[in-house]
file protein-v4.txt (compact mmCIF, C-alpha atoms)
# COMPACT_ATOMS: atom_id res chain seq x y z
CA ASP A 1 -109.65 180.66 -114.38
CA GLN A 2 -110.77 177.83 -116.68
CA ASN A 3 -113.00 180.31 -118.56
CA ARG A 4 -110.19 182.91 -118.69
CA MET A 5 -112.37 185.44 -116.79
CA THR A 6 -111.24 187.92 -114.20
CA PRO A 7 -113.23 188.15 -110.95
CA GLU A 8 -114.62 191.51 -112.16
CA ASP A 9 -115.83 190.02 -115.47
CA PHE A 10 -117.39 187.11 -113.62
CA GLU A 11 -119.30 189.42 -111.26
CA GLN A 12 -120.50 191.50 -114.21
CA GLU A 13 -121.86 188.42 -116.03
CA MET A 14 -123.58 187.20 -112.87
CA ALA A 15 -125.20 190.60 -112.40
CA LYS A 16 -126.56 190.50 -115.96
CA ASP A 17 -128.03 187.01 -115.43
CA LEU A 18 -129.67 188.03 -112.13
CA LEU A 19 -131.11 191.18 -113.69
CA ALA A 20 -132.54 189.26 -116.64
CA GLY A 21 -134.10 186.72 -114.26
CA LYS A 22 -135.74 189.43 -112.16
CA LEU A 23 -137.05 191.16 -115.29
CA ARG A 24 -138.69 187.94 -116.53
CA GLN A 25 -140.18 187.33 -113.09
CA PHE A 26 -141.53 190.90 -112.98
CA LEU A 27 -143.12 190.70 -116.44
CA PHE A 28 -144.73 187.30 -116.00
CA ALA A 29 -146.10 188.20 -112.58
CA PHE A 30 -148.54 190.65 -114.20
CA MET A 31 -149.53 188.43 -117.13
CA THR A 32 -152.74 186.45 -117.02
CA VAL A 33 -154.02 183.87 -119.49
CA THR A 34 -157.76 183.99 -120.14
CA ASP A 35 -159.99 180.99 -120.72
CA GLN A 36 -160.62 182.24 -124.25
CA GLU A 37 -156.89 182.31 -125.00
CA ILE A 38 -156.55 178.76 -123.74
CA LEU A 39 -159.50 177.70 -125.91
CA ASP A 40 -158.05 179.48 -128.95
CA GLN A 41 -154.70 177.77 -128.50
CA TYR A 42 -156.32 174.36 -128.03
CA THR A 43 -158.49 174.87 -131.12
CA TYR A 44 -155.46 175.95 -133.19
CA ALA A 45 -153.44 172.91 -132.10
CA ASN A 46 -156.23 170.36 -132.60
CA GLU A 47 -158.32 171.69 -135.45
CA LYS A 48 -158.59 169.36 -138.45
CA THR A 49 -160.05 169.75 -141.90
CA LYS A 50 -161.29 167.37 -144.58
CA ILE A 51 -160.79 168.29 -148.22
CA SER A 52 -161.68 167.08 -151.68
CA PHE A 53 -159.31 167.57 -154.61
CA VAL A 54 -158.81 166.89 -158.30
CA GLN A 55 -155.31 166.11 -159.48
CA PHE A 56 -154.02 167.28 -162.88
CA ASN A 57 -151.03 165.05 -163.57
CA PRO A 58 -148.70 166.48 -166.28
CA ASP A 59 -147.85 162.95 -167.46
CA LYS A 60 -151.39 162.60 -168.83
CA PHE A 61 -150.85 165.61 -171.12
CA LYS A 62 -147.54 164.48 -172.67
CA GLU A 63 -149.06 162.34 -175.42
CA SER A 64 -150.93 165.27 -176.97
CA ILE A 65 -147.91 167.58 -177.01
CA GLN A 66 -146.09 168.28 -180.28
CA PRO A 67 -143.03 170.41 -179.43
CA ASP A 68 -142.20 173.26 -181.80
CA GLU A 69 -138.54 173.24 -182.85
CA ALA A 70 -138.08 177.00 -182.55
CA ALA A 71 -139.74 177.06 -179.12
CA MET A 72 -137.56 174.16 -177.98
CA LYS A 73 -134.45 176.02 -179.17
CA GLU A 74 -135.53 179.06 -177.15
CA PHE A 75 -136.19 176.82 -174.13
CA PHE A 76 -132.68 175.40 -174.45
CA GLU A 77 -130.99 178.80 -174.80
CA GLU A 78 -132.71 180.10 -171.66
CA ARG A 79 -131.53 177.09 -169.66
CA LYS A 80 -128.26 176.34 -171.44
CA GLU A 81 -126.19 176.42 -168.26
CA SER A 82 -128.14 173.49 -166.79
CA TYR A 83 -126.93 171.32 -169.69
CA ARG A 84 -123.26 172.15 -169.16
CA ILE A 85 -120.97 169.20 -169.88
CA PRO A 86 -118.68 168.60 -166.89
CA GLU A 87 -114.93 168.31 -167.14
CA LYS A 88 -113.82 164.85 -168.21
CA ILE A 89 -110.55 162.94 -168.29
CA LYS A 90 -109.22 159.85 -170.04
CA ILE A 91 -106.68 157.75 -168.17
CA ALA A 92 -104.22 154.92 -168.65
CA SER A 93 -103.82 152.45 -165.79
CA LEU A 94 -101.22 149.86 -164.86
CA LEU A 95 -102.40 147.08 -162.54
CA ILE A 96 -100.04 145.35 -160.12
CA ASP A 97 -102.07 142.36 -158.93
CA PRO A 98 -101.00 140.74 -155.61
CA ASP A 99 -102.41 137.38 -156.75
CA SER A 100 -99.88 137.25 -159.59
CA LEU A 101 -97.02 137.53 -157.08
CA LYS A 102 -98.08 134.83 -154.62
CA ASP A 103 -95.94 132.24 -156.43
CA GLN A 104 -92.88 134.20 -155.33
CA VAL A 105 -93.77 133.74 -151.66
CA GLU A 106 -92.23 130.91 -149.63
CA LEU A 107 -93.73 130.32 -146.21
CA SER A 108 -91.83 128.58 -143.45
CA GLU A 109 -93.38 126.40 -140.78
CA GLN A 110 -92.08 128.88 -138.23
CA GLU A 111 -94.11 131.70 -139.85
CA ILE A 112 -97.27 129.58 -139.85
CA GLU A 113 -96.82 128.56 -136.21
CA GLY A 114 -95.99 132.14 -135.23
CA TYR A 115 -99.17 133.45 -136.84
CA TYR A 116 -101.19 130.76 -135.10
CA ASP A 117 -99.71 131.54 -131.67
CA TYR A 118 -100.07 135.31 -132.09
CA ASN A 119 -103.70 135.07 -133.25
CA ILE A 120 -104.77 132.17 -131.04
CA GLY A 121 -107.80 134.13 -129.84
CA THR A 122 -109.32 134.16 -133.32
CA PHE A 123 -109.27 130.36 -133.42
CA THR A 124 -111.15 129.94 -130.15
CA GLU A 125 -114.81 129.01 -130.49
CA PRO A 126 -117.48 129.38 -127.78
CA LYS A 127 -119.82 126.59 -126.82
CA GLN A 128 -122.46 125.94 -129.46
CA VAL A 129 -125.60 123.85 -129.56
CA LYS A 130 -127.43 122.42 -132.54
CA ALA A 131 -131.17 122.56 -132.05
CA ARG A 132 -134.55 122.17 -133.65
CA HIS A 133 -137.67 123.91 -132.38
CA ILE A 134 -141.40 124.02 -132.85
CA LEU A 135 -142.88 127.50 -132.53
CA PHE A 136 -146.48 128.25 -131.54
CA LYS A 137 -146.88 131.97 -132.26
CA LEU A 138 -148.32 134.16 -129.54
CA GLY A 139 -147.97 137.90 -128.98
CA GLU A 140 -146.82 139.33 -125.67
CA ASP A 141 -150.15 141.12 -125.22
CA ALA A 142 -152.27 137.97 -125.74
CA SER A 143 -155.29 137.42 -123.51
CA GLU A 144 -155.20 134.81 -120.73
CA GLU A 145 -157.62 132.67 -122.68
CA ARG A 146 -155.48 132.73 -125.81
CA GLU A 147 -152.35 132.12 -123.73
CA ARG A 148 -153.91 129.03 -122.18
CA GLU A 149 -155.14 127.77 -125.56
CA VAL A 150 -151.70 128.00 -127.21
CA ARG A 151 -149.95 126.54 -124.17
CA GLU A 152 -152.29 123.51 -124.24
CA LYS A 153 -151.59 123.00 -127.94
CA ALA A 154 -147.84 123.10 -127.25
CA GLU A 155 -148.23 120.60 -124.39
CA GLN A 156 -150.08 118.19 -126.71
CA VAL A 157 -147.33 118.35 -129.36
CA LEU A 158 -144.68 117.99 -126.63
CA LYS A 159 -146.37 114.79 -125.49
CA GLU A 160 -146.19 113.42 -129.04
CA ALA A 161 -142.50 114.39 -129.28
CA ARG A 162 -141.64 112.60 -126.05
CA GLU A 163 -143.52 109.53 -127.24
CA ASN A 164 -140.74 109.14 -129.83
CA GLU A 165 -142.57 110.84 -132.69
CA ASP A 166 -140.04 112.24 -135.22
CA PHE A 167 -139.31 115.79 -134.06
CA ALA A 168 -138.54 117.17 -137.53
CA THR A 169 -141.84 115.79 -138.84
CA LEU A 170 -143.73 117.33 -135.92
CA ALA A 171 -142.03 120.69 -136.59
CA THR A 172 -142.97 120.60 -140.27
CA LYS A 173 -146.54 119.80 -139.32
CA ASN A 174 -147.05 122.14 -136.37
CA SER A 175 -144.44 124.92 -136.26
CA GLU A 176 -145.45 128.46 -137.17
CA GLY A 177 -141.89 129.75 -137.52
CA PRO A 178 -139.72 130.38 -140.64
CA THR A 179 -137.81 127.09 -140.09
CA LYS A 180 -141.01 125.05 -140.44
CA ASP A 181 -140.20 123.71 -143.91
CA ASN A 182 -136.74 122.70 -142.67
CA GLY A 183 -138.08 120.61 -139.81
CA GLY A 184 -137.45 123.42 -137.31
CA ASP A 185 -133.67 123.18 -137.82
CA LEU A 186 -131.79 126.12 -136.27
CA GLY A 187 -128.31 124.73 -136.93
CA TYR A 188 -125.44 125.43 -134.53
CA PHE A 189 -125.52 128.70 -132.59
CA PRO A 190 -123.54 130.23 -129.70
CA LYS A 191 -124.89 132.31 -126.84
CA GLY A 192 -126.05 135.74 -127.87
CA ARG A 193 -127.66 134.62 -131.12
CA MET A 194 -131.14 133.80 -129.82
CA VAL A 195 -133.46 135.65 -127.43
CA LYS A 196 -132.29 135.21 -123.83
CA SER A 197 -135.26 133.19 -122.54
CA PHE A 198 -134.76 130.71 -125.40
CA GLU A 199 -131.00 130.29 -125.07
CA ASP A 200 -131.08 130.14 -121.26
CA VAL A 201 -133.02 126.89 -121.61
CA ALA A 202 -131.17 125.58 -124.68
CA PHE A 203 -127.72 125.89 -123.09
CA GLN A 204 -128.80 124.01 -119.95
CA MET A 205 -130.08 121.01 -121.87
CA LYS A 206 -128.31 117.79 -122.76
CA LYS A 207 -127.92 116.23 -126.18
CA GLY A 208 -131.18 114.51 -127.24
CA GLU A 209 -133.25 116.27 -124.57
CA ILE A 210 -136.60 117.91 -125.37
CA SER A 211 -137.64 120.97 -123.36
CA ASP A 212 -140.93 121.92 -121.78
CA PRO A 213 -142.70 124.77 -123.63
CA VAL A 214 -140.52 127.89 -123.42
CA ARG A 215 -142.21 131.32 -123.54
CA THR A 216 -140.48 134.07 -125.55
CA PRO A 217 -141.81 137.29 -127.10
CA PHE A 218 -142.59 135.20 -130.21
CA GLY A 219 -144.71 132.59 -128.48
CA TYR A 220 -144.11 129.08 -127.08
CA HIS A 221 -141.20 126.94 -128.27
CA ILE A 222 -140.45 123.26 -127.84
CA ILE A 223 -136.70 122.78 -128.17
CA LYS A 224 -134.75 119.64 -129.00
CA ILE A 225 -130.95 119.62 -128.67
CA GLU A 226 -129.38 117.49 -131.39
CA ASP A 227 -125.69 118.15 -130.72
CA ILE A 228 -123.37 120.14 -128.49
CA LYS A 229 -119.94 121.59 -129.35
CA GLU A 230 -118.08 122.50 -126.21
CA ALA A 231 -115.94 125.65 -126.18
CA GLY A 232 -112.43 125.06 -127.41
CA THR A 233 -109.55 126.17 -129.59
CA LYS A 234 -109.02 124.78 -133.08
CA THR A 235 -105.72 122.99 -133.62
CA LEU A 236 -103.07 124.30 -135.96
CA ASP A 237 -103.81 121.50 -138.43
CA GLU A 238 -107.49 122.48 -138.48
CA VAL A 239 -106.72 126.08 -139.46
CA ARG A 240 -103.48 125.58 -141.39
CA ASP A 241 -105.06 126.21 -144.82
CA GLN A 242 -106.76 129.35 -143.52
CA ILE A 243 -103.47 130.66 -142.10
CA VAL A 244 -101.53 129.88 -145.28
CA LYS A 245 -104.13 131.69 -147.38
CA THR A 246 -103.97 134.76 -145.11
CA LEU A 247 -100.17 134.84 -145.08
CA LEU A 248 -99.98 134.46 -148.87
CA THR A 249 -102.48 137.28 -149.33
CA ASN A 250 -100.57 139.55 -146.95
CA ALA A 251 -97.22 138.75 -148.55
CA GLY A 252 -98.62 139.17 -152.08
CA THR A 253 -100.08 142.56 -151.13
CA GLU A 254 -96.75 143.68 -149.67
CA LEU A 255 -94.85 142.53 -152.78
CA ALA A 256 -97.34 144.28 -155.06
CA HIS A 257 -96.96 147.53 -153.12
CA GLU A 258 -93.18 147.31 -153.22
CA SER A 259 -93.28 146.50 -156.93
CA ALA A 260 -95.54 149.50 -157.62
CA LEU A 261 -93.23 151.83 -155.68
CA SER A 262 -90.22 150.45 -157.56
CA LEU A 263 -91.91 151.07 -160.92
CA ILE A 264 -92.72 154.65 -159.95
CA ASP A 265 -89.07 155.21 -158.91
CA GLN A 266 -87.85 153.90 -162.27
CA MET A 267 -90.35 155.82 -164.39
CA PRO A 268 -88.80 158.84 -166.14
CA TYR A 269 -90.46 162.22 -165.82
CA ASN A 270 -93.11 162.76 -168.53
CA ALA A 271 -92.80 159.16 -169.75
CA GLU A 272 -95.90 157.67 -171.36
CA LEU A 273 -97.33 154.89 -169.22
CA ASP A 274 -97.96 152.69 -172.29
CA GLU A 275 -94.32 152.68 -173.36
CA PHE A 276 -92.97 152.35 -169.83
CA ALA A 277 -95.26 149.38 -169.12
CA ALA A 278 -94.20 147.65 -172.34
CA ASP A 279 -90.53 148.07 -171.42
CA HIS A 280 -91.28 146.10 -168.23
CA GLN A 281 -93.33 143.37 -169.98
CA LEU A 282 -96.54 144.86 -168.60
CA GLU A 283 -99.64 146.24 -170.27
CA ALA A 284 -101.37 149.53 -169.54
CA LYS A 285 -105.10 149.80 -170.19
CA HIS A 286 -107.05 152.86 -171.32
CA THR A 287 -110.46 154.19 -170.42
CA GLY A 288 -112.79 156.42 -172.36
CA PHE A 289 -113.61 159.91 -171.09
CA PHE A 290 -115.47 160.07 -167.78
CA SER A 291 -116.52 162.86 -165.41
CA GLN A 292 -115.83 163.14 -161.72
CA ASP A 293 -119.33 161.96 -160.82
CA GLN A 294 -118.99 158.77 -162.89
CA PRO A 295 -117.23 155.54 -161.83
CA ILE A 296 -113.91 154.83 -163.53
CA PRO A 297 -114.74 152.49 -166.44
CA ASP A 298 -113.87 148.83 -165.67
CA ILE A 299 -112.27 149.86 -162.36
CA GLY A 300 -114.85 151.58 -160.19
CA GLY A 301 -113.35 153.30 -157.18
CA ASP A 302 -114.85 155.87 -154.85
CA GLN A 303 -115.28 159.64 -154.95
CA LYS A 304 -111.98 160.20 -153.14
CA LEU A 305 -110.09 158.28 -155.84
CA ARG A 306 -111.74 160.28 -158.61
CA GLN A 307 -110.89 163.51 -156.83
CA THR A 308 -107.25 162.39 -156.75
CA LEU A 309 -107.23 161.60 -160.47
CA PHE A 310 -108.94 164.85 -161.44
CA SER A 311 -106.28 166.77 -159.48
CA LEU A 312 -103.60 165.45 -161.90
CA GLU A 313 -102.56 167.42 -164.95
CA LYS A 314 -102.49 165.91 -168.44
CA GLY A 315 -99.52 163.54 -168.65
CA GLN A 316 -99.07 163.44 -164.86
CA THR A 317 -98.78 160.07 -163.11
CA SER A 318 -100.23 159.12 -159.73
CA GLU A 319 -98.53 157.41 -156.83
CA PRO A 320 -99.49 153.72 -156.40
CA LEU A 321 -103.14 153.63 -155.32
CA GLU A 322 -104.82 150.64 -153.69
CA ILE A 323 -108.29 149.60 -154.84
CA LYS A 324 -109.84 146.52 -153.26
CA GLY A 325 -106.46 145.00 -152.43
CA GLU A 326 -104.95 145.69 -155.87
CA PHE A 327 -102.44 148.42 -156.74
CA TYR A 328 -102.77 150.78 -159.70
CA ILE A 329 -100.60 153.42 -161.29
CA PHE A 330 -102.68 155.98 -163.20
CA GLN A 331 -101.75 158.55 -165.81
CA VAL A 332 -104.04 161.22 -167.21
CA VAL A 333 -103.89 160.79 -170.99
CA ASP A 334 -106.24 163.61 -171.98
CA ARG A 335 -108.64 166.15 -170.52
CA GLN A 336 -111.82 167.74 -171.81
CA PRO A 337 -112.69 171.03 -170.08
CA SER A 338 -116.19 171.79 -168.96
CA ALA A 339 -118.19 173.32 -171.80
CA LEU A 340 -121.64 174.49 -172.82
CA PRO A 341 -123.03 172.08 -175.43
CA GLU A 342 -124.72 172.70 -178.73
CA MET A 343 -128.36 171.67 -178.62
CA LYS A 344 -127.79 168.71 -180.95
CA GLU A 345 -125.37 167.22 -178.37
CA VAL A 346 -128.11 167.06 -175.71
CA GLU A 347 -131.17 167.08 -177.96
CA ASN A 348 -132.82 164.03 -176.37
CA LYS A 349 -132.50 165.49 -172.89
CA VAL A 350 -133.77 168.89 -174.02
CA LEU A 351 -136.76 167.27 -175.78
CA GLU A 352 -137.61 165.33 -172.61
CA ASN A 353 -137.38 168.42 -170.40
CA PHE A 354 -139.23 170.66 -172.87
CA THR A 355 -142.06 168.14 -173.21
CA ALA A 356 -142.32 167.87 -169.41
CA HIS A 357 -142.39 171.69 -169.21
CA LEU A 358 -145.21 171.98 -171.75
CA ALA A 359 -147.13 169.16 -170.07
CA SER A 360 -146.88 170.98 -166.76
CA GLU A 361 -148.18 174.17 -168.39
CA GLU A 362 -151.07 172.25 -169.95
CA ALA A 363 -151.94 170.65 -166.61
CA LYS A 364 -151.89 174.06 -164.92
CA ALA A 365 -154.10 175.58 -167.62
CA ALA A 366 -156.58 172.71 -167.33
CA ALA A 367 -156.73 173.15 -163.55
CA GLU A 368 -157.25 176.92 -163.85
CA LYS A 369 -160.01 176.37 -166.43
call {"tool": "encode", "arguments": {"input": "protein-v4.txt", "output": "C-alpha cells"}}
result
Amino acid sequence: DQNRMTPEDFEQEMAKDLLAGKLRQFLFAFMTVTDQEILDQYTYANEKTKISFVQFNPDKFKESIQPDEAAMKEFFEERKESYRIPEKIKIASLLIDPDSLKDQVELSEQEIEGYYDYNIGTFTEPKQVKARHILFKLGEDASEEREREVREKAEQVLKEARENEDFATLATKNSEGPTKDNGGDLGYFPKGRMVKSFEDVAFQMKKGEISDPVRTPFGYHIIKIEDIKEAGTKTLDEVRDQIVKTLLTNAGTELAHESALSLIDQMPYNAELDEFAADHQLEAKHTGFFSQDQPIPDIGGDQKLRQTLFSLEKGQTSEPLEIKGEFYIFQVVDRQPSALPEMKEVENKVLENFTAHLASEEAKAAAEK
C-alpha cells in the first residue's frame, strides 16, 4: 500500500527478482576462474613502470616570439566570441546607516533589565582555570625506553618546580610546546578546550598546586594552576555596557529599515534617485560600470545582490536591501549590453593569448623534432 502497488503487481515484481537471481546462480555455477586469469588480474592491478621524460615548457619559448600583426588579427577573429564583453550596469545608491540613527534611540532601565533577564543564559560562564604548563614532547607510539627517558626528565623538572623554582622560568627553559616563550602560560580556559586527559587533572587541582607528570597524546605535561574562576552569572552592572550597545544596534537597525521603507513609499515613479535624495537632505552616490561577476564598486555585496540589481531595468529602483547591517536603495542609472569588442579594446589580452598560443606551438614543434 505504501508503494501504491496492487497484490498482483507485487507478485509480478517478486517473480522477476527470483528469476533474475536464479539466472545469475545458474550462470556462475558453470564459470571457473583459472590460475592464469588470477595471475593476469594481479599483474594488471600491481604492475608499475618507471619512465624518463623531457619537458618542453612553452614559457621558455615566449621571449623569442615576435607576433605578426596580421596573424594576431586572424587569431582574434577566430576566437572573437571568447573576448565578448559582458553586460554591465551603472548604479546610484542611497545609504541609510543605522549608526546615524542611534542618537534618536532612548533606552529605559526596564528595557535593559528585560533584555538581561530574557538572555540570562548568555551571561552565565562555566568554571575556568588559569594554568601554565611545561610540555615534554613524546609521540603515542614511542618506545618504552624513550617513554621512560622523557618521564624521568619530567620528574626532574617537577622536583625543581616543587622546590620553589619559578615555574614560568622553568617552562621557558624546558618546555617544548608553543607557549614556551610565554612561560607556558595557557590563560583561562573552560572544560572542553584542552585534551581530556589534561583537563581532567587541571580541573581537580587547587590554586597554586603543581601536578605530577600528565600523559597526553602530545607527551608529558607538568601543570600549575594559577587561578580559578568558579562558574557563575555576570551581574547586570558587569554587562550593562554590552547590553546597551546591543539594544542601540538593534534599535538603529530597525529605524534604518523603517526609514528606508518610508523613503521608498514617498519616491515618485520614475524619479531620479539623485534628485529625490537631495530633496530629503541625503546624498546618492554613483558607481562606474561593472559586470555581474564583479563586486559593486565601494560596496561589495554577494552574487545574489548583483543578480537582483541586474534584474532591474534602466531607471528602476530596488526595494531596501541590507548589506552588512546597513540599508541601501539602488537605482540602475545606465546599462551596457553584452557586445563583441574590437581588437583594440582587448589588444593586451589578445597579445598575451596569441603569444602563449605561438609558444605552445613552438614547444610542440621542438618536442616533435
call {"tool": "closest_residue", "arguments": {"input": "protein-v4.txt", "among": "A:Ala231, A:Leu340, A:Met267, A:Ala366", "to": "A:Asp279", "atoms": "only C-alpha atoms"}}
result
A:Met267
call {"tool": "closest_atom_pairs", "arguments": {"input": "protein-v4.txt", "of": "stretch 246-349 of chain A", "to": "stretch 77-92 of chain A", "cutoff": "8 Å", "atoms": "all atoms listed in the file", "output": "CSV"}}
result
residue,atom,partner,partner_atom,distance
A:Leu273,CA,A:Ala92,CA,6.9
A:Asp274,CA,A:Ala92,CA,7.6
A:Ala284,CA,A:Ala92,CA,6.2
A:Lys285,CA,A:Ala92,CA,5.4
A:His286,CA,A:Ala92,CA,4.4
A:Thr287,CA,A:Ile91,CA,5.7
A:Gly288,CA,A:Lys90,CA,5.5
A:Phe289,CA,A:Lys90,CA,4.5
A:Phe290,CA,A:Lys88,CA,5.1
A:Ser291,CA,A:Lys88,CA,4.4
A:Gln292,CA,A:Lys88,CA,7.0
A:Phe310,CA,A:Ile89,CA,7.3
A:Phe330,CA,A:Ala92,CA,5.8
A:Gln331,CA,A:Ala92,CA,5.2
A:Val332,CA,A:Ile91,CA,4.5
A:Val333,CA,A:Ile91,CA,5.0
A:Asp334,CA,A:Lys90,CA,5.2
A:Arg335,CA,A:Ile89,CA,4.4
A:Gln336,CA,A:Lys88,CA,5.0
A:Pro337,CA,A:Glu87,CA,4.6
A:Ser338,CA,A:Glu87,CA,4.1
A:Ala339,CA,A:Ile85,CA,5.3
A:Leu340,CA,A:Arg84,CA,4.6
A:Pro341,CA,A:Arg84,CA,6.3
A:Val346,CA,A:Tyr83,CA,7.5
call {"tool": "write_last_selection", "arguments": {"input": "protein-v4.txt", "atoms": "C-alpha atoms", "output": "PDB file, in the frame of the given file"}}
result
ATOM      1  CA  LEU A 273     -97.330 154.890-169.220  1.00  0.00           C
ATOM      2  CA  ASP A 274     -97.960 152.690-172.290  1.00  0.00           C
ATOM      3  CA  ALA A 284    -101.370 149.530-169.540  1.00  0.00           C
ATOM      4  CA  LYS A 285    -105.100 149.800-170.190  1.00  0.00           C
ATOM      5  CA  HIS A 286    -107.050 152.860-171.320  1.00  0.00           C
ATOM      6  CA  THR A 287    -110.460 154.190-170.420  1.00  0.00           C
ATOM      7  CA  GLY A 288    -112.790 156.420-172.360  1.00  0.00           C
ATOM      8  CA  PHE A 289    -113.610 159.910-171.090  1.00  0.00           C
ATOM      9  CA  PHE A 290    -115.470 160.070-167.780  1.00  0.00           C
ATOM     10  CA  SER A 291    -116.520 162.860-165.410  1.00  0.00           C
ATOM     11  CA  GLN A 292    -115.830 163.140-161.720  1.00  0.00           C
ATOM     12  CA  PHE A 310    -108.940 164.850-161.440  1.00  0.00           C
ATOM     13  CA  PHE A 330    -102.680 155.980-163.200  1.00  0.00           C
ATOM     14  CA  GLN A 331    -101.750 158.550-165.810  1.00  0.00           C
ATOM     15  CA  VAL A 332    -104.040 161.220-167.210  1.00  0.00           C
ATOM     16  CA  VAL A 333    -103.890 160.790-170.990  1.00  0.00           C
ATOM     17  CA  ASP A 334    -106.240 163.610-171.980  1.00  0.00           C
ATOM     18  CA  ARG A 335    -108.640 166.150-170.520  1.00  0.00           C
ATOM     19  CA  GLN A 336    -111.820 167.740-171.810  1.00  0.00           C
ATOM     20  CA  PRO A 337    -112.690 171.030-170.080  1.00  0.00           C
ATOM     21  CA  SER A 338    -116.190 171.790-168.960  1.00  0.00           C
ATOM     22  CA  ALA A 339    -118.190 173.320-171.800  1.00  0.00           C
ATOM     23  CA  LEU A 340    -121.640 174.490-172.820  1.00  0.00           C
ATOM     24  CA  PRO A 341    -123.030 172.080-175.430  1.00  0.00           C
ATOM     25  CA  VAL A 346    -128.110 167.060-175.710  1.00  0.00           C
TER      26      VAL A 346
END
call {"tool": "residues_around", "arguments": {"input": "protein-v4.txt", "residues": "stretch 99-114 of chain A", "least_positions_apart": "5", "cutoff": "9 Å", "atoms": "all atoms listed in the file", "output": "ChimeraX atom specification"}}
result
/A:119,236,240,243-244,247-249,251-253,255-256,326
call {"tool": "atom_distance", "arguments": {"input": "protein-v4.txt", "atom1": "atom CA of A:Asn270", "atom2": "atom CA of A:Glu313"}}
result
11.1 Å
call {"tool": "residues_around", "arguments": {"input": "protein-v4.txt", "residues": "stretch 139-144 of chain A", "least_positions_apart": "4", "cutoff": "10 Å", "atoms": "only C-alpha atoms", "output": "list in words"}}
result
Arg148, Glu149, Arg215, Thr216, Pro217, Phe218, Gly219 and Tyr220 of chain A
call {"tool": "closest_residue", "arguments": {"input": "protein-v4.txt", "among": "A:Val239, A:Met72, A:Ile228, A:Leu351", "to": "A:Lys127", "atoms": "only C-alpha atoms"}}
result
A:Ile228
call {"tool": "closest_residue", "arguments": {"input": "protein-v4.txt", "among": "A:Ser52, A:Ser64, A:Ser93, A:Glu342", "to": "A:Phe276", "atoms": "all atoms listed in the file"}}
result
A:Ser93
call {"tool": "closest_residue", "arguments": {"input": "protein-v4.txt", "among": "A:Thr355, A:Ser360, A:Asn348, A:Gln204", "to": "A:Ile225", "atoms": "all atoms listed in the file"}}
result
A:Gln204
call {"tool": "atom_distance", "arguments": {"input": "protein-v4.txt", "atom1": "atom CA of A:Pro98", "atom2": "atom CA of A:Lys245"}}
result
12.6 Å
call {"tool": "residues_around", "arguments": {"input": "protein-v4.txt", "residues": "stretch 320-322 of chain A", "least_positions_apart": "6", "cutoff": "6 Å", "atoms": "all atoms listed in the file", "output": "list in words"}}
result
Ala260, Tyr328 and Ile329 of chain A
call {"tool": "residues_around", "arguments": {"input": "protein-v4.txt", "residues": "A:Ile222", "least_positions_apart": "2", "cutoff": "7 Å", "atoms": "only C-alpha atoms", "output": "list in words"}}
result
His133, Ile134, Leu135, Leu158, Ser211, Asp212, Pro213, Val214, Tyr220 and Lys224 of chain A
call {"tool": "write_last_selection", "arguments": {"input": "protein-v4.txt", "atoms": "C-alpha atoms", "output": "compact mmCIF listing (two decimals), in the frame of the given file"}}
result
# COMPACT_ATOMS: atom_id res chain seq x y z
CA HIS A 133 -137.67 123.91 -132.38
CA ILE A 134 -141.40 124.02 -132.85
CA LEU A 135 -142.88 127.50 -132.53
CA LEU A 158 -144.68 117.99 -126.63
CA SER A 211 -137.64 120.97 -123.36
CA ASP A 212 -140.93 121.92 -121.78
CA PRO A 213 -142.70 124.77 -123.63
CA VAL A 214 -140.52 127.89 -123.42
CA TYR A 220 -144.11 129.08 -127.08
CA LYS A 224 -134.75 119.64 -129.00
